[in-house]
$ cat entry.pdb   # PDB, C-alpha atoms and all ligand atoms
ATOM      1  CA  MET J   1     -15.525  -2.917  13.696  1.00  0.00           C
ATOM      2  CA  ASN J   2     -18.541  -4.949  14.744  1.00  0.00           C
ATOM      3  CA  ALA J   3     -19.410  -6.840  11.576  1.00  0.00           C
ATOM      4  CA  ALA J   4     -23.018  -7.250  12.737  1.00  0.00           C
ATOM      5  CA  VAL J   5     -23.612  -3.507  12.509  1.00  0.00           C
ATOM      6  CA  GLU J   6     -23.925  -2.074   9.011  1.00  0.00           C
ATOM      7  CA  PRO J   7     -21.989   1.188   8.647  1.00  0.00           C
ATOM      8  CA  ALA J   8     -24.220   4.216   8.262  1.00  0.00           C
ATOM      9  CA  ALA J   9     -24.559   5.549   4.723  1.00  0.00           C
ATOM     10  CA  SER J  10     -24.540   9.066   6.093  1.00  0.00           C
ATOM     11  CA  PHE J  11     -22.287   9.975   9.006  1.00  0.00           C
ATOM     12  CA  THR J  12     -20.206  12.953  10.121  1.00  0.00           C
ATOM     13  CA  THR J  13     -17.681  13.261  12.905  1.00  0.00           C
ATOM     14  CA  ALA J  14     -14.928  15.652  13.901  1.00  0.00           C
ATOM     15  CA  GLY J  15     -11.403  14.662  14.837  1.00  0.00           C
ATOM     16  CA  HIS J  16      -7.784  14.928  13.751  1.00  0.00           C
ATOM     17  CA  CYS J  17      -6.691  13.947  10.252  1.00  0.00           C
ATOM     18  CA  PRO J  18      -3.248  12.294  10.066  1.00  0.00           C
ATOM     19  CA  VAL J  19      -2.931  13.346   6.403  1.00  0.00           C
ATOM     20  CA  CYS J  20      -3.931  17.027   6.891  1.00  0.00           C
ATOM     21  CA  ALA J  21      -2.080  16.915  10.216  1.00  0.00           C
ATOM     22  CA  GLY J  22      -4.776  19.031  11.826  1.00  0.00           C
ATOM     23  CA  PRO J  23      -8.383  19.224  13.006  1.00  0.00           C
ATOM     24  CA  ALA J  24     -10.735  17.760  10.446  1.00  0.00           C
ATOM     25  CA  GLU J  25     -14.258  16.659   9.676  1.00  0.00           C
ATOM     26  CA  PHE J  26     -14.857  13.153   8.316  1.00  0.00           C
ATOM     27  CA  VAL J  27     -17.979  12.489   6.275  1.00  0.00           C
ATOM     28  CA  ALA J  28     -19.310   9.137   5.039  1.00  0.00           C
ATOM     29  CA  THR J  29     -21.337   9.487   1.859  1.00  0.00           C
ATOM     30  CA  GLY J  30     -22.163   5.801   1.369  1.00  0.00           C
ATOM     31  CA  PRO J  31     -22.185   2.480   3.238  1.00  0.00           C
ATOM     32  CA  TRP J  32     -18.795   1.256   1.896  1.00  0.00           C
ATOM     33  CA  TRP J  33     -16.641   3.393   4.156  1.00  0.00           C
ATOM     34  CA  ARG J  34     -13.402   2.065   2.636  1.00  0.00           C
ATOM     35  CA  ASP J  35     -14.063   4.383  -0.323  1.00  0.00           C
ATOM     36  CA  SER J  36     -16.695   6.800   0.949  1.00  0.00           C
ATOM     37  CA  PHE J  37     -15.518   8.004   4.402  1.00  0.00           C
ATOM     38  CA  GLY J  38     -13.575  11.084   3.353  1.00  0.00           C
ATOM     39  CA  CYS J  39     -11.783  13.948   5.076  1.00  0.00           C
ATOM     40  CA  THR J  40     -13.370  17.232   4.009  1.00  0.00           C
ATOM     41  CA  GLY J  41      -9.943  18.899   4.213  1.00  0.00           C
ATOM     42  CA  CYS J  42      -7.737  16.629   2.070  1.00  0.00           C
ATOM     43  CA  GLY J  43     -10.096  14.069   0.569  1.00  0.00           C
ATOM     44  CA  SER J  44      -8.213  11.167   2.161  1.00  0.00           C
ATOM     45  CA  ILE J  45      -9.954   7.842   2.796  1.00  0.00           C
ATOM     46  CA  PRO J  46      -9.549   5.587   5.863  1.00  0.00           C
ATOM     47  CA  ARG J  47      -6.713   3.357   4.614  1.00  0.00           C
ATOM     48  CA  GLU J  48      -4.689   6.436   3.614  1.00  0.00           C
ATOM     49  CA  ARG J  49      -5.132   7.953   7.072  1.00  0.00           C
ATOM     50  CA  ALA J  50      -4.206   4.611   8.694  1.00  0.00           C
ATOM     51  CA  LEU J  51      -1.059   4.463   6.539  1.00  0.00           C
ATOM     52  CA  MET J  52      -0.002   8.023   7.439  1.00  0.00           C
ATOM     53  CA  LEU J  53      -0.699   7.476  11.139  1.00  0.00           C
ATOM     54  CA  THR J  54       1.407   4.297  11.038  1.00  0.00           C
ATOM     55  CA  ILE J  55       4.315   5.999   9.254  1.00  0.00           C
ATOM     56  CA  ASP J  56       4.205   8.835  11.830  1.00  0.00           C
ATOM     57  CA  ARG J  57       4.248   6.351  14.715  1.00  0.00           C
ATOM     58  CA  TRP J  58       6.658   3.706  13.384  1.00  0.00           C
ATOM     59  CA  PHE J  59       9.015   5.844  11.310  1.00  0.00           C
ATOM     60  CA  PRO J  60       8.749   9.392  12.747  1.00  0.00           C
ATOM     61  CA  GLN J  61      12.000  10.424  11.010  1.00  0.00           C
ATOM     62  CA  TRP J  62      10.351   9.889   7.597  1.00  0.00           C
ATOM     63  CA  ARG J  63      11.041  13.464   6.456  1.00  0.00           C
ATOM     64  CA  GLU J  64      14.802  12.767   6.533  1.00  0.00           C
ATOM     65  CA  ALA J  65      14.486   9.316   4.909  1.00  0.00           C
ATOM     66  CA  VAL J  66      14.914   7.894   1.444  1.00  0.00           C
ATOM     67  CA  ILE J  67      11.337   6.883   0.654  1.00  0.00           C
ATOM     68  CA  HIS J  68      10.362   4.899  -2.405  1.00  0.00           C
ATOM     69  CA  GLU J  69       6.658   4.675  -3.200  1.00  0.00           C
ATOM     70  CA  SER J  70       5.534   2.368  -5.981  1.00  0.00           C
ATOM     71  CA  SER J  71       2.482   3.610  -7.886  1.00  0.00           C
ATOM     72  CA  PRO J  72       1.672   6.740  -5.856  1.00  0.00           C
ATOM     73  CA  CYS J  73      -1.633   8.484  -6.478  1.00  0.00           C
ATOM     74  CA  HIS J  74      -0.427  12.146  -6.248  1.00  0.00           C
ATOM     75  CA  ARG J  75      -2.953  13.026  -3.571  1.00  0.00           C
ATOM     76  CA  SER J  76      -3.564  12.341   0.109  1.00  0.00           C
ATOM     77  CA  THR J  77      -0.744  10.410   1.840  1.00  0.00           C
ATOM     78  CA  SER J  78       1.388  10.168  -1.335  1.00  0.00           C
ATOM     79  CA  ALA J  79       1.259  13.946  -1.801  1.00  0.00           C
ATOM     80  CA  ARG J  80       2.103  14.592   1.849  1.00  0.00           C
ATOM     81  CA  LEU J  81       5.154  12.306   1.719  1.00  0.00           C
ATOM     82  CA  ALA J  82       6.319  13.825  -1.587  1.00  0.00           C
ATOM     83  CA  ASN J  83       5.847  17.413  -0.362  1.00  0.00           C
ATOM     84  CA  GLU J  84       7.596  17.053   2.991  1.00  0.00           C
ATOM     85  CA  CYS J  85      10.338  14.516   2.295  1.00  0.00           C
ATOM     86  CA  PRO J  86      13.157  15.699  -0.030  1.00  0.00           C
ATOM     87  CA  GLY J  87      14.306  12.077  -0.406  1.00  0.00           C
ATOM     88  CA  TYR J  88      10.936  10.862  -1.700  1.00  0.00           C
ATOM     89  CA  ILE J  89      11.032   8.878  -4.956  1.00  0.00           C
ATOM     90  CA  GLY J  90       7.796   7.939  -6.677  1.00  0.00           C
ATOM     91  CA  SER J  91       7.727   5.329  -9.432  1.00  0.00           C
ATOM     92  CA  GLN J  92       5.252   3.631 -11.714  1.00  0.00           C
ATOM     93  CA  PHE J  93       5.652   0.318 -13.505  1.00  0.00           C
ATOM     94  CA  PHE J  94       5.250   0.633 -17.271  1.00  0.00           C
ATOM     95  CA  GLU J  95       5.091  -3.037 -18.189  1.00  0.00           C
ATOM     96  CA  ASP J  96       5.238  -2.298 -21.928  1.00  0.00           C
ATOM     97  CA  PHE J  97       8.663  -0.629 -21.427  1.00  0.00           C
ATOM     98  CA  PRO J  98      10.370  -2.989 -18.950  1.00  0.00           C
ATOM     99  CA  ASP J  99      13.927  -1.800 -19.672  1.00  0.00           C
ATOM    100  CA  THR J 100      13.323   1.964 -19.922  1.00  0.00           C
ATOM    101  CA  PRO J 101      14.437   3.757 -16.733  1.00  0.00           C
ATOM    102  CA  GLN J 102      12.060   6.717 -17.278  1.00  0.00           C
ATOM    103  CA  VAL J 103       8.811   6.919 -19.189  1.00  0.00           C
ATOM    104  CA  ASN J 104       7.339  10.410 -19.775  1.00  0.00           C
ATOM    105  CA  GLY J 105       9.664  11.705 -17.047  1.00  0.00           C
ATOM    106  CA  ILE J 106       8.367   9.173 -14.512  1.00  0.00           C
ATOM    107  CA  ARG J 107      10.748   6.664 -12.939  1.00  0.00           C
ATOM    108  CA  ASN J 108       9.927   3.146 -14.127  1.00  0.00           C
ATOM    109  CA  GLU J 109      10.343   0.469 -11.452  1.00  0.00           C
ATOM    110  CA  ASN J 110       9.328  -3.169 -11.509  1.00  0.00           C
ATOM    111  CA  LEU J 111       8.896  -4.363  -7.914  1.00  0.00           C
ATOM    112  CA  GLU J 112      10.163  -7.770  -9.026  1.00  0.00           C
ATOM    113  CA  ARG J 113      13.426  -6.252 -10.330  1.00  0.00           C
ATOM    114  CA  LEU J 114      14.119  -2.984  -8.519  1.00  0.00           C
ATOM    115  CA  SER J 115      16.976  -0.831  -9.836  1.00  0.00           C
ATOM    116  CA  PHE J 116      17.878   0.363  -6.317  1.00  0.00           C
ATOM    117  CA  PRO J 117      21.203  -0.883  -4.879  1.00  0.00           C
ATOM    118  CA  ASP J 118      21.175  -3.203  -1.857  1.00  0.00           C
ATOM    119  CA  ALA J 119      20.355  -1.495   1.462  1.00  0.00           C
ATOM    120  CA  SER J 120      19.655   1.916  -0.094  1.00  0.00           C
ATOM    121  CA  VAL J 121      16.010   2.647   0.835  1.00  0.00           C
ATOM    122  CA  ASP J 122      14.727   3.552   4.319  1.00  0.00           C
ATOM    123  CA  LEU J 123      11.041   3.224   3.629  1.00  0.00           C
ATOM    124  CA  HIS J 124       9.192   1.444   0.854  1.00  0.00           C
ATOM    125  CA  VAL J 125       5.533   2.455   0.624  1.00  0.00           C
ATOM    126  CA  THR J 126       2.886   0.675  -1.438  1.00  0.00           C
ATOM    127  CA  GLN J 127      -0.836   1.315  -1.356  1.00  0.00           C
ATOM    128  CA  ASP J 128      -3.072  -1.444  -2.708  1.00  0.00           C
ATOM    129  CA  VAL J 129      -0.356  -2.635  -5.097  1.00  0.00           C
ATOM    130  CA  PHE J 130       0.595  -6.135  -3.940  1.00  0.00           C
ATOM    131  CA  GLU J 131      -2.681  -7.723  -5.009  1.00  0.00           C
ATOM    132  CA  HIS J 132      -1.538  -6.923  -8.589  1.00  0.00           C
ATOM    133  CA  VAL J 133       2.113  -8.071  -8.489  1.00  0.00           C
ATOM    134  CA  LEU J 134       2.604 -11.124 -10.709  1.00  0.00           C
ATOM    135  CA  ASP J 135       5.289 -12.738  -8.538  1.00  0.00           C
ATOM    136  CA  PRO J 136       4.814 -11.269  -5.071  1.00  0.00           C
ATOM    137  CA  ASP J 137       7.415 -13.547  -3.475  1.00  0.00           C
ATOM    138  CA  VAL J 138      10.123 -12.126  -5.732  1.00  0.00           C
ATOM    139  CA  ALA J 139       8.878  -8.591  -5.022  1.00  0.00           C
ATOM    140  CA  PHE J 140       8.952  -9.131  -1.235  1.00  0.00           C
ATOM    141  CA  ARG J 141      12.533 -10.379  -1.636  1.00  0.00           C
ATOM    142  CA  GLU J 142      13.448  -7.282  -3.656  1.00  0.00           C
ATOM    143  CA  ILE J 143      11.917  -5.040  -0.985  1.00  0.00           C
ATOM    144  CA  GLY J 144      14.035  -6.848   1.616  1.00  0.00           C
ATOM    145  CA  ARG J 145      17.195  -6.589  -0.469  1.00  0.00           C
ATOM    146  CA  THR J 146      16.881  -2.847  -1.030  1.00  0.00           C
ATOM    147  CA  LEU J 147      15.872  -1.864   2.520  1.00  0.00           C
ATOM    148  CA  ARG J 148      18.547  -0.436   4.768  1.00  0.00           C
ATOM    149  CA  PRO J 149      18.959  -2.116   8.164  1.00  0.00           C
ATOM    150  CA  GLY J 150      16.232  -0.575  10.330  1.00  0.00           C
ATOM    151  CA  GLY J 151      14.179   0.201   7.233  1.00  0.00           C
ATOM    152  CA  MET J 152      10.548  -0.717   6.715  1.00  0.00           C
ATOM    153  CA  HIS J 153       7.989  -1.532   4.073  1.00  0.00           C
ATOM    154  CA  VAL J 154       4.736   0.099   5.198  1.00  0.00           C
ATOM    155  CA  PHE J 155       1.805  -0.865   3.031  1.00  0.00           C
ATOM    156  CA  THR J 156      -1.853  -1.547   2.484  1.00  0.00           C
ATOM    157  CA  VAL J 157      -3.255  -4.442   0.527  1.00  0.00           C
ATOM    158  CA  PRO J 158      -6.851  -5.667   0.739  1.00  0.00           C
ATOM    159  CA  LEU J 159      -6.809  -8.855   2.847  1.00  0.00           C
ATOM    160  CA  VAL J 160     -10.115  -9.953   1.363  1.00  0.00           C
ATOM    161  CA  ASN J 161      -9.692 -13.618   2.332  1.00  0.00           C
ATOM    162  CA  LYS J 162      -9.074 -12.783   6.011  1.00  0.00           C
ATOM    163  CA  HIS J 163      -8.664 -16.140   7.863  1.00  0.00           C
ATOM    164  CA  ARG J 164      -8.910 -18.173   4.656  1.00  0.00           C
ATOM    165  CA  PRO J 165      -5.664 -18.931   2.804  1.00  0.00           C
ATOM    166  CA  SER J 166      -4.468 -16.522   0.138  1.00  0.00           C
ATOM    167  CA  VAL J 167      -5.477 -17.557  -3.383  1.00  0.00           C
ATOM    168  CA  THR J 168      -3.420 -17.013  -6.545  1.00  0.00           C
ATOM    169  CA  ARG J 169      -5.797 -15.897  -9.287  1.00  0.00           C
ATOM    170  CA  ALA J 170      -3.242 -15.641 -12.117  1.00  0.00           C
ATOM    171  CA  ARG J 171       0.378 -16.462 -12.867  1.00  0.00           C
ATOM    172  CA  VAL J 172       2.930 -16.152 -15.632  1.00  0.00           C
ATOM    173  CA  GLU J 173       3.560 -19.296 -17.674  1.00  0.00           C
ATOM    174  CA  ASN J 174       5.996 -19.209 -20.614  1.00  0.00           C
ATOM    175  CA  GLY J 175       5.892 -15.428 -20.605  1.00  0.00           C
ATOM    176  CA  GLU J 176       2.087 -15.275 -20.781  1.00  0.00           C
ATOM    177  CA  ILE J 177      -0.397 -14.476 -18.037  1.00  0.00           C
ATOM    178  CA  ARG J 178      -2.595 -17.472 -17.308  1.00  0.00           C
ATOM    179  CA  ASN J 179      -5.806 -16.800 -15.365  1.00  0.00           C
ATOM    180  CA  LEU J 180      -6.561 -19.547 -12.862  1.00  0.00           C
ATOM    181  CA  LEU J 181      -9.819 -17.830 -11.885  1.00  0.00           C
ATOM    182  CA  PRO J 182     -12.102 -15.439 -13.804  1.00  0.00           C
ATOM    183  CA  PRO J 183     -10.101 -12.192 -14.196  1.00  0.00           C
ATOM    184  CA  GLU J 184     -10.859  -9.301 -11.861  1.00  0.00           C
ATOM    185  CA  TYR J 185      -9.523  -5.782 -12.327  1.00  0.00           C
ATOM    186  CA  HIS J 186      -8.975  -2.640 -10.261  1.00  0.00           C
ATOM    187  CA  GLY J 187      -8.266   0.853 -11.603  1.00  0.00           C
ATOM    188  CA  ASN J 188      -4.678   1.609 -12.652  1.00  0.00           C
ATOM    189  CA  PRO J 189      -3.156   5.108 -13.073  1.00  0.00           C
ATOM    190  CA  VAL J 190      -0.992   3.944 -16.033  1.00  0.00           C
ATOM    191  CA  GLY J 191      -1.297   1.578 -18.994  1.00  0.00           C
ATOM    192  CA  ASP J 192      -4.803   0.745 -20.152  1.00  0.00           C
ATOM    193  CA  GLY J 193      -6.278   1.988 -16.870  1.00  0.00           C
ATOM    194  CA  ARG J 194      -6.925  -1.407 -15.304  1.00  0.00           C
ATOM    195  CA  ALA J 195      -4.829  -3.756 -13.206  1.00  0.00           C
ATOM    196  CA  LEU J 196      -5.417  -7.506 -12.968  1.00  0.00           C
ATOM    197  CA  VAL J 197      -5.963  -8.845  -9.438  1.00  0.00           C
ATOM    198  CA  VAL J 198      -3.324 -11.578  -9.102  1.00  0.00           C
ATOM    199  CA  THR J 199      -3.733 -12.553  -5.440  1.00  0.00           C
ATOM    200  CA  ASP J 200      -6.688 -12.597  -3.070  1.00  0.00           C
ATOM    201  CA  TRP J 201      -4.655 -12.154   0.101  1.00  0.00           C
ATOM    202  CA  GLY J 202      -5.519 -13.424   3.570  1.00  0.00           C
ATOM    203  CA  TYR J 203      -3.869 -13.003   6.958  1.00  0.00           C
ATOM    204  CA  ASP J 204      -1.276 -15.616   5.919  1.00  0.00           C
ATOM    205  CA  ILE J 205       0.471 -12.845   3.941  1.00  0.00           C
ATOM    206  CA  CYS J 206       2.900 -12.330   6.854  1.00  0.00           C
ATOM    207  CA  LYS J 207       4.055 -15.953   6.558  1.00  0.00           C
ATOM    208  CA  ARG J 208       4.481 -15.565   2.786  1.00  0.00           C
ATOM    209  CA  ILE J 209       6.635 -12.457   3.302  1.00  0.00           C
ATOM    210  CA  TYR J 210       8.761 -14.303   5.868  1.00  0.00           C
ATOM    211  CA  GLN J 211       9.216 -17.302   3.589  1.00  0.00           C
ATOM    212  CA  ALA J 212      10.150 -15.041   0.681  1.00  0.00           C
ATOM    213  CA  SER J 213      12.397 -12.520   2.419  1.00  0.00           C
ATOM    214  CA  GLY J 214      13.197 -13.753   5.937  1.00  0.00           C
ATOM    215  CA  LEU J 215      11.639 -10.568   7.361  1.00  0.00           C
ATOM    216  CA  PHE J 216       8.918 -10.309   9.981  1.00  0.00           C
ATOM    217  CA  THR J 217       5.784  -8.295   9.287  1.00  0.00           C
ATOM    218  CA  HIS J 218       3.480  -6.632  11.790  1.00  0.00           C
ATOM    219  CA  MET J 219      -0.200  -6.510  10.890  1.00  0.00           C
ATOM    220  CA  LEU J 220      -2.067  -3.573  12.396  1.00  0.00           C
ATOM    221  CA  HIS J 221      -5.807  -3.184  12.420  1.00  0.00           C
ATOM    222  CA  ILE J 222      -6.613   0.365  13.455  1.00  0.00           C
ATOM    223  CA  ASP J 223     -10.153   1.294  14.435  1.00  0.00           C
ATOM    224  CA  ASP J 224      -9.844   4.895  15.584  1.00  0.00           C
ATOM    225  CA  LEU J 225     -12.727   7.205  14.775  1.00  0.00           C
ATOM    226  CA  HIS J 226     -10.898  10.240  16.200  1.00  0.00           C
ATOM    227  CA  HIS J 227      -8.440   9.841  13.300  1.00  0.00           C
ATOM    228  CA  GLY J 228     -11.207   8.960  10.841  1.00  0.00           C
ATOM    229  CA  ILE J 229     -10.001   5.369  10.590  1.00  0.00           C
ATOM    230  CA  ARG J 230     -12.820   2.863  10.314  1.00  0.00           C
ATOM    231  CA  ALA J 231     -13.576   0.588   7.359  1.00  0.00           C
ATOM    232  CA  GLU J 232     -13.166  -2.913   5.964  1.00  0.00           C
ATOM    233  CA  TYR J 233      -9.811  -4.128   4.595  1.00  0.00           C
ATOM    234  CA  ILE J 234      -7.654  -1.342   5.999  1.00  0.00           C
ATOM    235  CA  GLU J 235      -4.986  -3.407   7.736  1.00  0.00           C
ATOM    236  CA  ILE J 236      -1.558  -1.805   7.629  1.00  0.00           C
ATOM    237  CA  LEU J 237       1.406  -4.121   7.165  1.00  0.00           C
ATOM    238  CA  VAL J 238       4.852  -3.170   8.420  1.00  0.00           C
ATOM    239  CA  THR J 239       7.752  -5.366   7.312  1.00  0.00           C
ATOM    240  CA  VAL J 240      10.885  -4.529   9.294  1.00  0.00           C
ATOM    241  CA  LYS J 241      14.495  -5.129   8.304  1.00  0.00           C
ATOM    242  CA  PRO J 242      16.499  -5.705  11.505  1.00  0.00           C
ATOM    243  CA  THR J 243      19.293  -3.314  12.340  1.00  0.00           C
ATOM    244  CA  ASN J 244      21.907  -6.076  12.545  1.00  0.00           C
TER     245      ASN J 244
HETATM  246 ZN    ZN R 301      -7.395  15.293   5.918  1.00  0.00          ZN
END

$ encode --input "entry.pdb" --output "structure tokens" --more "lines below"
Ligand SMILES: [Zn+2]
Amino acid sequence: MNAAVEPAASFTTAGHCPVCAGPAEFVATGPWWRDSFGCTGCGSIPRERALMLTIDRWFPQWREAVIHESSPCHRSTSARLANECPGYIGSQFFEDFPDTPQVNGIRNENLERLSFPDASVDLHVTQDVFEHVLDPDVAFREIGRTLRPGGMHVFTVPLVNKHRPSVTRARVENGEIRNLLPPEYHGNPVGDGRALVVTDWGYDICKRIYQASGLFTHMLHIDDLHHGIRAEYIEILVTVKPTN
């Protein structure tokens, strides 16, 4: 997107929605299209459509896969994957119950200590989760450990620092969270409803993933109005586990 041109606060276009999987109308209701450029059919937003389009293109056999999604939102792309893939597993992380496998019937998974066996998951999906993980290097390693050869981690995370280096905003010291910068929070579907932002990521995230897990990551920036994909911070990252 041309950064010099402010997105219109009111905009409508027709195209094809990757989440509805059909013809759709996309309507922007405010200038911050990342949150306001919705599909009138399914309510998806641009990063969700970019994620679904990428899964369709990079992992077209997803319906027959074992998919694990950490912190799904029960709508849009998460709902589509859950509805059409019998092997879909959604989990939340209940940090107050770290050793309880299920909380209120929901699978409890800590990305830093996944309960999945080695090489047992075809596709890990995370949507705007990795900015909140306390030790992302350990989590990237766990993703790599649990992926089957040929498997992928397809995910969104806001790369707010772009070309500037990633910045760690908080870390755990002696079992306590220490804020290195003034705390910032995003909404959280579980717990007290807010999630601390731990890392302001930049484009160097691919190098961090490689250093942590030995796996290469593709960074895709999709600007595709026909599929309703246009906004800030909607890069899709695809970490691939080689087949041999
Ligand atoms: Zn849609």

$ closest_residue --input "entry.pdb" --among "J:Asp200, J:Asp35, J:Asp56, J:Glu48" --to "ligand ZN 301 (chain R)" --atoms "only C-alpha atoms and all ligand atoms"
J:Glu48

$ resolve_selection --input "entry.pdb" --expression "the PyMOL selection byres (((chain J and resi 112) around 10) and not hetatm)" --output "list of chain:residue names"
J:Glu109, J:Asn110, J:Leu111, J:Arg113, J:Leu114, J:Ser115, J:Val133, J:Leu134, J:Asp135, J:Pro136, J:Asp137, J:Val138, J:Ala139, J:Phe140, J:Arg141, J:Glu142, J:Ile143

$ closest_atom_pairs --input "entry.pdb" --of "chain J" --to "ligand ZN 301 (chain R)" --cutoff "7 Å" --atoms "all atoms listed in the file" --output "JSON lines"
{"residue": "J:Cys17", "atom": "CA", "partner": "R:ZN301", "partner_atom": "ZN", "distance": 4.6}
{"residue": "J:Pro18", "atom": "CA", "partner": "R:ZN301", "partner_atom": "ZN", "distance": 6.6}
{"residue": "J:Val19", "atom": "CA", "partner": "R:ZN301", "partner_atom": "ZN", "distance": 4.9}
{"residue": "J:Cys20", "atom": "CA", "partner": "R:ZN301", "partner_atom": "ZN", "distance": 4.0}
{"residue": "J:Ala24", "atom": "CA", "partner": "R:ZN301", "partner_atom": "ZN", "distance": 6.1}
{"residue": "J:Cys39", "atom": "CA", "partner": "R:ZN301", "partner_atom": "ZN", "distance": 4.7}
{"residue": "J:Thr40", "atom": "CA", "partner": "R:ZN301", "partner_atom": "ZN", "distance": 6.6}
{"residue": "J:Gly41", "atom": "CA", "partner": "R:ZN301", "partner_atom": "ZN", "distance": 4.7}
{"residue": "J:Cys42", "atom": "CA", "partner": "R:ZN301", "partner_atom": "ZN", "distance": 4.1}
{"residue": "J:Gly43", "atom": "CA", "partner": "R:ZN301", "partner_atom": "ZN", "distance": 6.1}
{"residue": "J:Ser44", "atom": "CA", "partner": "R:ZN301", "partner_atom": "ZN", "distance": 5.6}

$ closest_residue --input "entry.pdb" --among "J:Glu232, J:Glu95, J:Pro158, J:Asn179" --to "Asp192 in chain J" --atoms "all atoms listed in the file"
J:Glu95

$ atom_distance --input "entry.pdb" --atom1 "CA of Thr126 in chain J" --atom2 "CA of Pro7 in chain J"
26.8 Å

$ atom_distance --input "entry.pdb" --atom1 "CA of Gly191 in chain J" --atom2 "CA of Gln92 in chain J"
10.0 Å

$ residues_around --input "entry.pdb" --residues "range 160-172 of chain J" --least-positions-apart "6" --cutoff "9 Å" --atoms "all atoms listed in the file" --output "list in words"
Leu134, Asp135, Arg178, Asn179, Leu180, Leu181, Pro182, Pro183, Glu184, Leu196, Val197, Val198, Thr199, Asp200, Trp201, Gly202, Tyr203, Asp204, Ile205, Glu232 and Tyr233 of chain J

$ residues_around --input "entry.pdb" --residues "His124 in chain J" --least-positions-apart "3" --cutoff "12 Å" --atoms "only C-alpha atoms" --output "count of residues only"
47

$ closest_residue --input "entry.pdb" --among "J:Thr54, J:Asn188, J:Asn104, J:Asn83" --to "Asp128 in chain J" --atoms "only C-alpha atoms"
J:Asn188

$ resolve_selection --input "entry.pdb" --expression "the PyMOL selection byres (((chain J and resi 216) around 10) and not hetatm)" --output "list in words"
Cys206, Lys207, Arg208, Ile209, Tyr210, Gln211, Ser213, Gly214, Leu215, Thr217, His218, Met219, Val238, Thr239, Val240, Lys241 and Pro242 of chain J

$ write_last_selection --input "entry.pdb" --atoms "C-alpha atoms" --output "PDB file, keeping the file's coordinate frame"
ATOM      1  CA  CYS J 206       2.900 -12.330   6.854  1.00  0.00           C
ATOM      2  CA  LYS J 207       4.055 -15.953   6.558  1.00  0.00           C
ATOM      3  CA  ARG J 208       4.481 -15.565   2.786  1.00  0.00           C
ATOM      4  CA  ILE J 209       6.635 -12.457   3.302  1.00  0.00           C
ATOM      5  CA  TYR J 210       8.761 -14.303   5.868  1.00  0.00           C
ATOM      6  CA  GLN J 211       9.216 -17.302   3.589  1.00  0.00           C
ATOM      7  CA  SER J 213      12.397 -12.520   2.419  1.00  0.00           C
ATOM      8  CA  GLY J 214      13.197 -13.753   5.937  1.00  0.00           C
ATOM      9  CA  LEU J 215      11.639 -10.568   7.361  1.00  0.00           C
ATOM     10  CA  THR J 217       5.784  -8.295   9.287  1.00  0.00           C
ATOM     11  CA  HIS J 218       3.480  -6.632  11.790  1.00  0.00           C
ATOM     12  CA  MET J 219      -0.200  -6.510  10.890  1.00  0.00           C
ATOM     13  CA  VAL J 238       4.852  -3.170   8.420  1.00  0.00           C
ATOM     14  CA  THR J 239       7.752  -5.366   7.312  1.00  0.00           C
ATOM     15  CA  VAL J 240      10.885  -4.529   9.294  1.00  0.00           C
ATOM     16  CA  LYS J 241      14.495  -5.129   8.304  1.00  0.00           C
ATOM     17  CA  PRO J 242      16.499  -5.705  11.505  1.00  0.00           C
TER      18      PRO J 242
END

$ atom_distance --input "entry.pdb" --atom1 "CA of Pro46 in chain J" --atom2 "CA of Ile229 in chain J"
4.8 Å
